[in-house]
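Coordinates from target-v9.csv are shown below (CSV, C-alpha atoms and all ligand atoms).
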```csv
chain,number,residue,atom,x,y,z
W,1,MET,CA,68.8,-8.5,21.5
W,2,PRO,CA,69.1,-7.1,25.0
W,3,ALA,CA,72.5,-6.7,26.6
W,4,ARG,CA,73.5,-5.4,30.0
W,5,PRO,CA,77.1,-4.1,29.9
W,6,ARG,CA,78.4,-3.6,33.5
W,7,TYR,CA,81.5,-1.6,34.1
W,8,PRO,CA,82.9,-2.4,37.6
W,9,HIS,CA,84.2,0.1,40.1
W,10,GLN,CA,87.9,0.9,39.4
W,11,SER,CA,89.9,1.0,42.6
W,12,THR,CA,93.0,2.0,40.6
W,13,PRO,CA,93.0,4.5,37.7
W,14,ALA,CA,93.1,3.0,34.2
W,15,GLN,CA,96.2,3.4,32.0
W,16,PRO,CA,96.2,6.4,29.7
W,17,GLY,CA,94.3,5.6,26.5
W,18,GLN,CA,92.5,2.7,28.0
W,19,LEU,CA,88.7,2.6,27.4
W,20,ARG,CA,85.7,0.8,29.0
W,21,ALA,CA,84.5,0.0,25.5
W,22,GLY,CA,86.5,0.7,22.3
W,23,ALA,CA,85.3,2.8,19.5
W,24,HIS,CA,82.7,1.0,17.3
W,25,THR,CA,79.5,1.4,15.4
W,26,ASP,CA,76.6,-1.0,16.2
W,27,TYR,CA,75.6,-3.5,13.5
W,28,GLY,CA,71.8,-3.5,13.4
W,29,SER,CA,69.2,-0.9,12.7
W,30,LEU,CA,68.7,1.1,15.9
W,31,THR,CA,70.1,0.7,19.4
W,32,LEU,CA,68.2,1.9,22.5
W,33,LEU,CA,70.3,2.7,25.6
W,34,SER,CA,69.6,3.5,29.2
W,35,MET,CA,72.5,4.3,31.4
W,36,THR,CA,73.5,5.5,34.9
W,37,ASP,CA,75.1,8.9,35.1
W,38,ALA,CA,78.4,7.6,36.3
W,39,PRO,CA,81.8,9.3,35.8
W,40,GLY,CA,83.4,8.1,32.6
W,41,GLY,CA,80.8,7.3,30.0
W,42,LEU,CA,79.5,7.2,26.5
W,43,GLU,CA,81.0,9.5,23.9
W,44,VAL,CA,80.1,10.0,20.2
W,45,GLN,CA,82.4,11.0,17.5
W,46,ARG,CA,81.7,14.2,15.6
W,47,GLN,CA,82.4,14.5,11.9
W,48,ASP,CA,85.7,16.3,12.5
W,49,GLY,CA,86.9,13.3,14.5
W,50,THR,CA,86.6,14.8,18.0
W,51,TRP,CA,84.6,13.1,20.7
W,52,ALA,CA,81.6,14.5,22.6
W,53,ALA,CA,80.4,13.2,25.9
W,54,VAL,CA,76.7,12.1,25.9
W,55,ARG,CA,74.9,13.5,28.9
W,56,VAL,CA,71.3,12.3,29.3
W,57,PRO,CA,68.6,12.9,32.0
W,58,THR,CA,68.2,9.7,34.0
W,59,ASP,CA,64.7,9.1,32.7
W,60,ALA,CA,65.7,9.4,29.0
W,61,PHE,CA,67.0,6.9,26.4
W,62,VAL,CA,69.7,7.3,23.9
W,63,MET,CA,69.1,6.0,20.4
W,64,ASN,CA,72.0,5.1,18.1
W,65,VAL,CA,71.7,4.5,14.4
W,66,GLY,CA,73.4,1.3,13.4
W,67,ASP,CA,75.2,0.2,10.2
W,68,LEU,CA,72.2,-1.6,8.7
W,69,MET,CA,70.1,1.5,9.0
W,70,ALA,CA,72.8,3.6,7.4
W,71,GLN,CA,72.8,1.2,4.4
W,72,TRP,CA,69.0,1.3,4.3
W,73,THR,CA,68.9,5.1,4.2
W,74,ASN,CA,71.9,5.2,1.7
W,75,ASP,CA,73.9,7.0,4.5
W,76,ARG,CA,71.3,9.7,5.0
W,77,TRP,CA,71.3,8.5,8.6
W,78,ARG,CA,74.9,7.7,9.5
W,79,SER,CA,75.8,5.0,12.0
W,80,THR,CA,77.3,6.7,15.1
W,81,MET,CA,80.9,5.9,16.1
W,82,HIS,CA,80.9,5.7,19.9
W,83,ARG,CA,83.0,4.5,22.8
W,84,VAL,CA,82.8,4.3,26.6
W,85,THR,CA,85.6,6.1,28.5
W,86,ASN,CA,87.1,5.4,31.9
W,87,PRO,CA,86.4,7.6,34.9
W,88,PRO,CA,88.9,10.5,35.2
W,89,PRO,CA,91.9,9.4,37.4
W,90,ASP,CA,91.0,11.9,40.1
W,91,THR,CA,87.4,10.6,40.6
W,92,ASN,CA,86.5,9.9,44.2
W,93,GLY,CA,84.0,7.3,45.3
W,94,ASP,CA,82.1,4.6,43.4
W,95,THR,CA,82.8,4.5,39.7
W,96,ARG,CA,80.6,1.6,38.8
W,97,ARG,CA,78.6,2.1,35.6
W,98,GLN,CA,75.6,0.2,34.4
W,99,SER,CA,73.9,0.4,31.0
W,100,LEU,CA,71.0,-1.4,29.5
W,101,VAL,CA,71.1,-1.9,25.7
W,102,PHE,CA,68.6,-3.1,23.2
W,103,PHE,CA,70.0,-3.8,19.7
W,104,HIS,CA,67.1,-3.9,17.2
W,105,GLN,CA,67.8,-6.3,14.4
W,106,PRO,CA,65.1,-6.9,11.7
W,107,ASN,CA,64.0,-10.5,11.0
W,108,TYR,CA,66.8,-12.6,9.5
W,109,ASP,CA,65.3,-12.6,5.9
W,110,ALA,CA,64.2,-9.0,5.9
W,111,GLU,CA,65.5,-7.5,2.6
W,112,VAL,CA,67.5,-4.3,2.9
W,113,ILE,CA,67.9,-2.2,-0.3
W,114,PRO,CA,68.7,1.6,-0.1
W,115,LEU,CA,65.3,3.3,0.1
W,116,ALA,CA,64.2,5.0,-3.1
W,117,SER,CA,63.4,8.1,-1.1
W,118,CYS,CA,67.0,8.3,0.0
W,119,CYS,CA,68.4,8.0,-3.6
W,120,GLY,CA,68.2,10.1,-6.7
W,121,PRO,CA,70.0,11.0,-9.9
W,122,ASP,CA,72.9,12.7,-8.0
W,123,ASN,CA,72.8,10.2,-5.2
W,124,PRO,CA,72.8,6.7,-6.6
W,125,PRO,CA,72.5,3.7,-4.2
W,126,LYS,CA,75.8,3.0,-2.5
W,127,TYR,CA,74.9,-0.5,-1.3
W,128,ALA,CA,73.9,-3.7,-2.9
W,129,ARG,CA,70.8,-5.6,-1.7
W,130,THR,CA,71.3,-7.6,1.4
W,131,THR,CA,69.2,-9.1,4.1
W,132,SER,CA,69.3,-8.4,7.8
W,133,GLY,CA,70.7,-11.8,8.6
W,134,GLU,CA,73.4,-11.8,5.8
W,135,HIS,CA,74.5,-8.3,7.0
W,136,LEU,CA,74.8,-9.4,10.6
W,137,PHE,CA,76.6,-12.6,9.6
W,138,MET,CA,79.1,-10.6,7.5
W,139,LYS,CA,79.7,-8.1,10.4
W,140,MET,CA,80.3,-10.9,12.9
W,141,THR,CA,82.6,-12.8,10.5
W,142,LYS,CA,84.7,-9.7,9.9
W,143,ALA,CA,84.9,-8.9,13.6
W,144,LYS,CA,85.9,-12.5,14.3
W,145,ASN,CA,88.6,-12.5,11.6
W,146,LEU,CA,90.0,-9.2,13.0
W,147,ASN,CA,89.8,-10.7,16.5
W,148,VAL,CA,87.9,-7.7,17.9
I,1,LIG,O1,77.5,1.0,27.8
I,1,LIG,C1,77.2,1.9,26.9
I,1,LIG,O2,76.8,3.1,27.2
I,1,LIG,C2,77.3,1.6,25.5
I,1,LIG,C3,77.5,0.1,25.1
I,1,LIG,C4,77.6,-0.1,23.7
I,1,LIG,O3,78.0,0.8,22.9
I,1,LIG,C5,77.3,-1.4,23.1
I,1,LIG,O4,77.0,-2.3,23.9
I,1,LIG,O5,77.3,-1.5,21.8
I,2,FE,FE,77.6,0.2,20.9
```

Render the structure in this file as structure tokens.
Ligand SMILES: O=C(O)CCC(=O)C(=O)O
Ligand SMILES: [Fe+2]
Amino acid sequence: MPARPRYPHQSTPAQPGQLRAGAHTDYGSLTLLSMTDAPGGLEVQRQDGTWAAVRVPTDAFVMNVGDLMAQWTNDRWRSTMHRVTNPPPDTNGDTRRQSLVFFHQPNYDAEVIPLASCCGPDNPPKYARTTSGEHLFMKMTKAKNLNV
């Protein structure tokens, strides 16, 4: 599932606290991202709750772990909470930002059960069996009911 979020130039500064994209985790297995190095950009949340700006060379990709992969690995790989910030109010010039996103989602009926290699006597499975499609449907239904 490719997506091409485009964040237009801002001729007036955003209000304090406004974001280009609100904090979220991605739903699927892995997300691949390519982005312009524009002011105001992707941030990831550290375990202590603080945010870190993601700076990447222009010829590199960012890979995000999604919620389905976290379930598959019994949370050995955590899905990354991330957001996109606005340019700082004192930014001069063009503030347009373009990113190219590929959300990988396994086939609809692919079964997802926490991997045996990620579980053990002290680390029992935290998630019940699901399928890629059921999981995506559940995530979308929840988001729709929350109106996000
Ligand atoms: O534009 C970006 O850098 C991130 C977009 C994003 O997080 C998403 O589309 O899920
Ligand atoms: Fe995202």

Checklist line | Nearest candidate to W:Pro5 (options W:Met35, W:Ala70, W:Val54, W:Leu100; using all atoms listed in the file) | finding: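 Among W:Met35, W:Ala70, W:Val54, W:Leu100, it is W:Leu100 that comes nearest to W:Pro5.
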
Item checked: Environment of ligand LIG 1 (chain I) within 8 Å, counting all atoms listed in the file, reported as number ranges by chain -> W: 3-7, 21, 24-26, 31, 33-35, 41-42, 82-84, 97-101, 103

Next item on the list: Just give me the gap between atom CA of W:Lys142 and atom CA of W:Gly49 in Å, one decimal is fine.
Entry: 23.6 Å

Margin query: What does the structure give for the distance between atom CA of W:Gly28 and atom CA of W:Pro121, in Å to one decimal?
Written below: 27.5 Å

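With atom FE of ligand FE 2 (chain I) on one side and atom CA of W:Ala38 on the other, the separation reads 17.1 Å.
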
Taking (61.5, 8.4, -0.4) in the file's coordinates as the center, which residues reach within 12 Å of it, counting only C-alpha atoms, put as a JSON list (two decimals) with C-alpha atoms, in the coordinates of the input?
```
[["chain", "number", "residue", "atom", "x", "y", "z"],
["W", 72, "TRP", "CA", 69.00, 1.30, 4.30],
["W", 73, "THR", "CA", 68.90, 5.10, 4.20],
["W", 74, "ASN", "CA", 71.90, 5.20, 1.70],
["W", 76, "ARG", "CA", 71.30, 9.70, 5.00],
["W", 114, "PRO", "CA", 68.70, 1.60, -0.10],
["W", 115, "LEU", "CA", 65.30, 3.30, 0.10],
["W", 116, "ALA", "CA", 64.20, 5.00, -3.10],
["W", 117, "SER", "CA", 63.40, 8.10, -1.10],
["W", 118, "CYS", "CA", 67.00, 8.30, 0.00],
["W", 119, "CYS", "CA", 68.40, 8.00, -3.60],
["W", 120, "GLY", "CA", 68.20, 10.10, -6.70]]
```

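Among the candidates W:Thr36, W:Thr12, W:Asn123, W:Ser79, the one nearest to ligand FE 2 (chain I) when counting only C-alpha atoms and all ligand atoms is W:Ser79.
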
Notebook entry, point to check: Which one is closest to W:Ala128: W:Tyr108, W:Gly17, W:Ala23, W:Gln71? Count all atoms listed in the file.
Noted result: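 Smallest distance to W:Ala128 is found for W:Gln71.
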